[in-house]
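Colleague: Below are the structure tokens for one structure; questions will follow.
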Amino acid sequence: MHKKILAALIASSLLAGAPLAQAANLVFCSEGSPAGFDPAQYTTSTDWDASAETVFNELVQFERGGTQVKPGLAESWDISPDNKTYTFHLRPGVKFHTTDYFKPTRDFNADDVVFTFKRMLDKNQPFRKAYPTEFPYFTDMGLDKNIQSVEKVDDHTVRIHLKDVDAAFLQNVAMPFAVILSAEYADQLLKQGKAAEINQKPIGTGPFVFSRYQKDAVIRFKANPDYWDKADGPKVDNLIFSINTDPSVRIQKLKAGECQITAYPRPADLEGLKKDPSLKMPSQPGFNEGWVGFNVKHAPLDKVEVRQALDMAINKKAIIDTVYQGAGQEAVNAMPPTQWSYDTSIKAVPYDPAKAKALLEKAGVKEGTEITLWAMPVQRPYNPNARLMAEMIQQDWAKVGIKAKIVSYEWGEYIKRAHNGEQDALLIGWSGDNGDPDNWLGTNFGCDAVGGNNFSMWCYKPYEDLIQAAKRTTDQAKRTELYQQAQQIIMQQRPLAPIAHSTIYMPMRKEVEGFKISPFGLNQFYGVSVSK
């Protein structure tokens with residue numbers, strides 16, 4: 001008992017400003033509060049880091065630090081000759097978490113997989129009727145339309161039938177929105193009339209067990225003693241997210257030893273961090289992009305000429321020099337150049353305010369026209385300082401006669417309102433989630449994603465036909481050809497102004513071992529240890 005009290009005191013002291021006292025705790029200085037703990041409802045890494053990457057598993061999952069799909073809760077799978085039927089063979093003996101609010105009576109099985117997918121597919125599913133929710137990523141990719149059925153063959157076999165071929169289906173179900181929930185826990189919540197608690201008190205099979213959340217302050221997890229993957233499971237007793245929206249505070253805590261890893265350092269802090277002998281700073285080119293999204297449903301942005309003009313009026317070199325400070329590269333296309341099928345023939349739009357002004361005049365846009373420009377309230381992997389970027393764009397647009405009013409909201413509200421299309425133009429971006437071109441061109445600009453991640457509200461049939469055809473073939477050469485045609489169209493129609501790709505830095509203390517930077521912008525702490 002005395003040992004338990006001592007451990008609790010040590011854990012609490014970590015967040016009260018005391019230096020790290022034992023290697024059993026891993027403290028991550030996180031950049032923001034999650035909107036909830038039901039990963040299927042969300043699309044951002046802030047939400048997924050705190051839920052999908054800690055509490056849950058998917059049927060198949062990406063190797064840590066890579067893009068290769070490997071077995072997860074399904075230890076193997078078969079694909080039919082027509083590429084429309086996937087049979088998953090489930091891992092036996094996997095246990096759901098035991099907490100003070102749920103004690104499972106059985107192991108993970110096919111019922112859990114069927115419940116998970118049917119909740120996203122069927123608006124009349126009983127649990128979804130009790131707790132009405134939307135699943136933006138699932139619908140953005142059109143999975144709600146393409147999954148024909150999810151069938152339990154036996155306790156350890158599930159068969160998913162697709163209406164049409166989806167070349168990226170395995171990669172899609174390896175993503176955080178597709179984590180597997182406990183059907184038994186859902187039944188318990190339904191009977192108790194507490195269905196919404198699935199988003200507040202999560203139960204999964206993952207490496208860490210949810211313990212407690214204090215909004216805007218701290219999330220606590222404990223290592224899962226029954227985790228099925230002994231080789232790559234939790235290597236610390238406690239995982240703590242210390243939430244700090246101010247990047248300077250996160251850096252101070254890292255240097256003081258109050259956390260061991262932090263995310264999204266300011267470019268201005270990089271040189272100082274590199275010189276600190278107590279820290280190390282792994283980095284890699286970001287599989288990401290930040291851009292300005294133009295809401296094509298709002299005048300005058302409904303005109304192609306206006307969108308083209310606003311794009312060429314932005315001094316992107318100045319933004320990269322000032323905002324990214326050497327840790328960014330100019331974006332040219334609607335996805336990063338490391339994504340296969342990237343069209344290298346597309347060239348950067350030159351900075352030309354005189355031509356931009358002439359285009360606006362030709363489109364009938366009057367001098368002094370007002371629009372809103374939304375700026376994210378938090379750092380993202382693709383944008384280290386959205387407020388500063390917005391102010392620079394505001395000044396650029398003022399030079400061509402456009403008055404931009406900068407608007408911002410708390411992150412969850414920002415995304416919610418942007419889904420509803422309230423913005424004229426907004427700063428947003430993306431870190432690739434599965435390594436497939438559809439994850440960029442479909443998820444962010446396809447018709448299925450309008451009202452979701454397609455913040456430009458742009459649905460253009462010639463483009464849509466190309467990306468849908470690309471999804472329906474498994475021939476990569478043919479897919480590349482189709483996606484390159486789609487890239488040409490998107491840059492002609494200009495629903496976005498590409499800005500930059502950022503380099504990802506992960507400052508951490510030298511005692512941290514085993515951390516791998518995710519190409520998808522996620523932070524994963526299983527397999528990570530802290531040496532004494």
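The way I read the labels, and the way they are meant: chains A, B, ... in the order of the structure tokens, residue 1 as the first residue of every chain, and ligand 1 as the first ligand shown, with later ones counted on from there.
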Excluding Pro277 in chain A and any residue of its chain fewer than 2 positions from it, enumerate the residues within 12 Å of it, using only C-alpha atoms, and give them as a CSV table (one decimal) with N, CA, C and O atoms, in the first residue's frame.
Modeller:
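Written output follows (around_37.csv):
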```csv
chain,number,residue,atom,x,y,z
A,255,LYS,N,12.6,20.9,-21.1
A,255,LYS,CA,14.0,21.2,-20.6
A,255,LYS,C,14.1,21.0,-19.1
A,255,LYS,O,15.2,20.6,-18.6
A,272,GLY,N,18.1,26.2,-30.5
A,272,GLY,CA,18.4,26.1,-29.1
A,272,GLY,C,18.2,24.7,-28.6
A,272,GLY,O,18.9,24.2,-27.8
A,273,LEU,N,17.1,24.0,-29.1
A,273,LEU,CA,16.9,22.7,-28.7
A,273,LEU,C,18.0,21.7,-29.2
A,273,LEU,O,18.4,20.8,-28.4
A,274,LYS,N,18.5,21.9,-30.4
A,274,LYS,CA,19.6,21.1,-30.9
A,274,LYS,C,20.8,21.2,-30.1
A,274,LYS,O,21.6,20.3,-30.0
A,275,LYS,N,21.0,22.4,-29.4
A,275,LYS,CA,22.2,22.6,-28.6
A,275,LYS,C,22.1,22.1,-27.2
A,275,LYS,O,23.1,22.1,-26.5
A,279,LEU,N,18.9,16.8,-24.5
A,279,LEU,CA,17.9,16.5,-25.4
A,279,LEU,C,18.4,15.9,-26.7
A,279,LEU,O,19.6,16.0,-27.0
A,280,LYS,N,17.5,15.2,-27.4
A,280,LYS,CA,17.8,14.8,-28.8
A,280,LYS,C,16.7,15.2,-29.6
A,280,LYS,O,15.5,15.4,-29.1
A,281,MET,N,16.9,15.3,-30.9
A,281,MET,CA,15.9,15.9,-31.8
A,281,MET,C,15.8,15.1,-33.1
A,281,MET,O,16.2,15.6,-34.2
A,507,PRO,N,11.3,16.8,-30.4
A,507,PRO,CA,12.2,17.0,-29.3
A,507,PRO,C,11.9,16.0,-28.1
A,507,PRO,O,10.7,15.9,-27.8
A,508,MET,N,12.9,15.4,-27.6
A,508,MET,CA,12.7,14.5,-26.5
A,508,MET,C,14.0,14.4,-25.6
A,508,MET,O,15.1,14.7,-26.1
A,509,ARG,N,13.8,14.0,-24.4
A,509,ARG,CA,15.0,13.8,-23.6
A,509,ARG,C,15.8,12.6,-24.0
A,509,ARG,O,15.3,11.6,-24.6
A,510,LYS,N,17.1,12.6,-23.7
A,510,LYS,CA,18.0,11.6,-24.2
A,510,LYS,C,17.7,10.2,-23.6
A,510,LYS,O,18.1,9.2,-24.1
A,511,GLU,N,16.9,10.2,-22.5
A,511,GLU,CA,16.6,8.9,-21.8
A,511,GLU,C,15.5,8.1,-22.6
A,511,GLU,O,15.3,6.9,-22.3
```
Colleague: Got a sec: who's within 7 Å of Ala217 in chain A, counting only C-alpha atoms, leaving out chain neighbours fewer than 3 positions off, as a ChimeraX atom specification?
Modeller: /A:214,242-243
Colleague: When you look at Asp436 in chain A with a cut-off of 10 Å (counting only C-alpha atoms), what residues show up, excluding the ones that are within fewer than 5 positions of it in the same chain? I need them as number ranges by chain.
Modeller: A: 67, 167-169, 171-172, 339-341, 441-442, 471
Colleague: List the neighbours of Ile147 in chain A out to 10 Å using only C-alpha atoms; skip same-chain residues closer than 3 positions along the sequence, and give me the result as a VMD selection string.
Modeller: chain A and resid 84 to 85 117 to 118 121 142 to 144 150 160 to 164 166
Colleague: Going by DSSP on the backbone, which residues of range 193-355 of chain A come out as strand (DSSP E)? List them as a PyMOL selection string.
Modeller: chain A and resi 208-214+218-223+238-243+261-262+279-280+283-285+288-294+328-330
Colleague: With only C-alpha atoms as the counted atoms, please give the residues lying no more than 12 Å from Ala196 in chain A, apart from itself and same-chain residues fewer than 4 positions off, as an MDAnalysis selection string.
Modeller: chainID A and resid 36:38 127:133 185:186 188:190 192 200:202
Colleague: Report as a list of chain:residue names all protein, DNA and RNA residues lying within 6 Å of Phe208 in chain A, evaluated on only C-alpha atoms, omitting residues in the same chain fewer than 3 positions from it.
Modeller: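 Here the qualifying residues turn out to be A:Thr54, A:Val55, A:Phe221, A:Lys222, A:Ala223, A:Asn224.
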Colleague: Can you list, as a PyMOL selection string, every residue of range 181-414 of chain A that DSSP puts in helix (DSSP H, G or I)?
Modeller: chain A and resi 183-192+195-199+247-256+267-275+304-312+316-324+353-362+386-398+411-414
Colleague: Between A:Gln125, A:Gln252, A:Ile467, A:Gly257, which one has atoms that come closest to Thr480 in chain A, using only C-alpha atoms?
Modeller: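 With only C-alpha atoms as the atom set, the closest residue is A:Ile467.
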Colleague: Taking only C-alpha atoms into account, which of A:Asn199, A:Ser529, A:Ser51, A:Gln488 comes nearest Val332 in chain A?
Modeller: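 Comparing A:Asn199, A:Ser529, A:Ser51, A:Gln488 against Val332 in chain A, the winner is A:Gln488.
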Colleague: For Thr262 in chain A, list every protein, DNA or RNA residue within 8 Å, evaluated using only C-alpha atoms, and leave out those in the same chain fewer than 3 positions away; present the list as a PDB file with N, CA, C and O atoms, in the first residue's frame.
Modeller:
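The resulting file, out-v3.pdb, is shown below:
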```pdb
ATOM      1  N   PHE A  28       4.135  13.005 -21.938  1.00  0.00           N
ATOM      2  CA  PHE A  28       4.126  13.636 -23.256  1.00  0.00           C
ATOM      3  C   PHE A  28       3.481  15.003 -23.129  1.00  0.00           C
ATOM      4  O   PHE A  28       2.333  15.110 -22.690  1.00  0.00           O
ATOM      5  N   CYS A  29       4.207  16.058 -23.478  1.00  0.00           N
ATOM      6  CA  CYS A  29       3.619  17.399 -23.492  1.00  0.00           C
ATOM      7  C   CYS A  29       2.826  17.551 -24.785  1.00  0.00           C
ATOM      8  O   CYS A  29       3.394  17.801 -25.858  1.00  0.00           O
ATOM      9  N   SER A  30       1.521  17.403 -24.678  1.00  0.00           N
ATOM     10  CA  SER A  30       0.623  17.429 -25.832  1.00  0.00           C
ATOM     11  C   SER A  30       0.195  18.856 -26.136  1.00  0.00           C
ATOM     12  O   SER A  30       0.143  19.714 -25.253  1.00  0.00           O
ATOM     13  N   ARG A 250       5.586  24.151 -23.398  1.00  0.00           N
ATOM     14  CA  ARG A 250       5.961  22.750 -23.625  1.00  0.00           C
ATOM     15  C   ARG A 250       7.479  22.596 -23.638  1.00  0.00           C
ATOM     16  O   ARG A 250       8.022  21.643 -23.064  1.00  0.00           O
ATOM     17  N   ILE A 251       8.169  23.516 -24.280  1.00  0.00           N
ATOM     18  CA  ILE A 251       9.633  23.455 -24.346  1.00  0.00           C
ATOM     19  C   ILE A 251      10.241  23.646 -22.958  1.00  0.00           C
ATOM     20  O   ILE A 251      11.193  22.949 -22.577  1.00  0.00           O
ATOM     21  N   LEU A 254       9.864  20.449 -21.097  1.00  0.00           N
ATOM     22  CA  LEU A 254      10.781  19.436 -21.600  1.00  0.00           C
ATOM     23  C   LEU A 254      12.184  19.663 -21.036  1.00  0.00           C
ATOM     24  O   LEU A 254      12.833  18.728 -20.546  1.00  0.00           O
ATOM     25  N   CYS A 259       8.441  16.727 -18.716  1.00  0.00           N
ATOM     26  CA  CYS A 259       7.959  15.770 -19.703  1.00  0.00           C
ATOM     27  C   CYS A 259       9.159  15.280 -20.497  1.00  0.00           C
ATOM     28  O   CYS A 259      10.202  15.937 -20.519  1.00  0.00           O
ATOM     29  N   PRO A 265       7.447  21.822 -31.974  1.00  0.00           N
ATOM     30  CA  PRO A 265       8.205  22.979 -31.493  1.00  0.00           C
ATOM     31  C   PRO A 265       8.115  24.119 -32.498  1.00  0.00           C
ATOM     32  O   PRO A 265       7.953  23.903 -33.696  1.00  0.00           O
ATOM     33  N   MET A 506      10.778  16.080 -33.418  1.00  0.00           N
ATOM     34  CA  MET A 506      10.214  15.564 -32.168  1.00  0.00           C
ATOM     35  C   MET A 506      11.259  15.702 -31.059  1.00  0.00           C
ATOM     36  O   MET A 506      12.054  14.797 -30.813  1.00  0.00           O
ATOM     37  N   PRO A 507      11.285  16.846 -30.368  1.00  0.00           N
ATOM     38  CA  PRO A 507      12.234  17.000 -29.270  1.00  0.00           C
ATOM     39  C   PRO A 507      11.911  16.035 -28.131  1.00  0.00           C
ATOM     40  O   PRO A 507      10.738  15.888 -27.757  1.00  0.00           O
ATOM     41  N   MET A 508      12.930  15.413 -27.592  1.00  0.00           N
ATOM     42  CA  MET A 508      12.734  14.484 -26.475  1.00  0.00           C
ATOM     43  C   MET A 508      14.003  14.412 -25.645  1.00  0.00           C
ATOM     44  O   MET A 508      15.095  14.744 -26.106  1.00  0.00           O
TER      45      MET A 508
END
```
Colleague: From the options A:Met376, A:Ala35, A:Val296, A:Ile402, which residue's atoms come nearest to Ala390 in chain A, counting only C-alpha atoms?
Modeller: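 Of the candidates, the smallest distance to Ala390 in chain A is held by A:Met376.
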Colleague: If you measure from CA of Gly451 in chain A to CA of His419 in chain A, what distance in Å do you get, rounded to one decimal?
Modeller: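 Computed distance, CA of Gly451 in chain A to CA of His419 in chain A, equals 4.9 Å.
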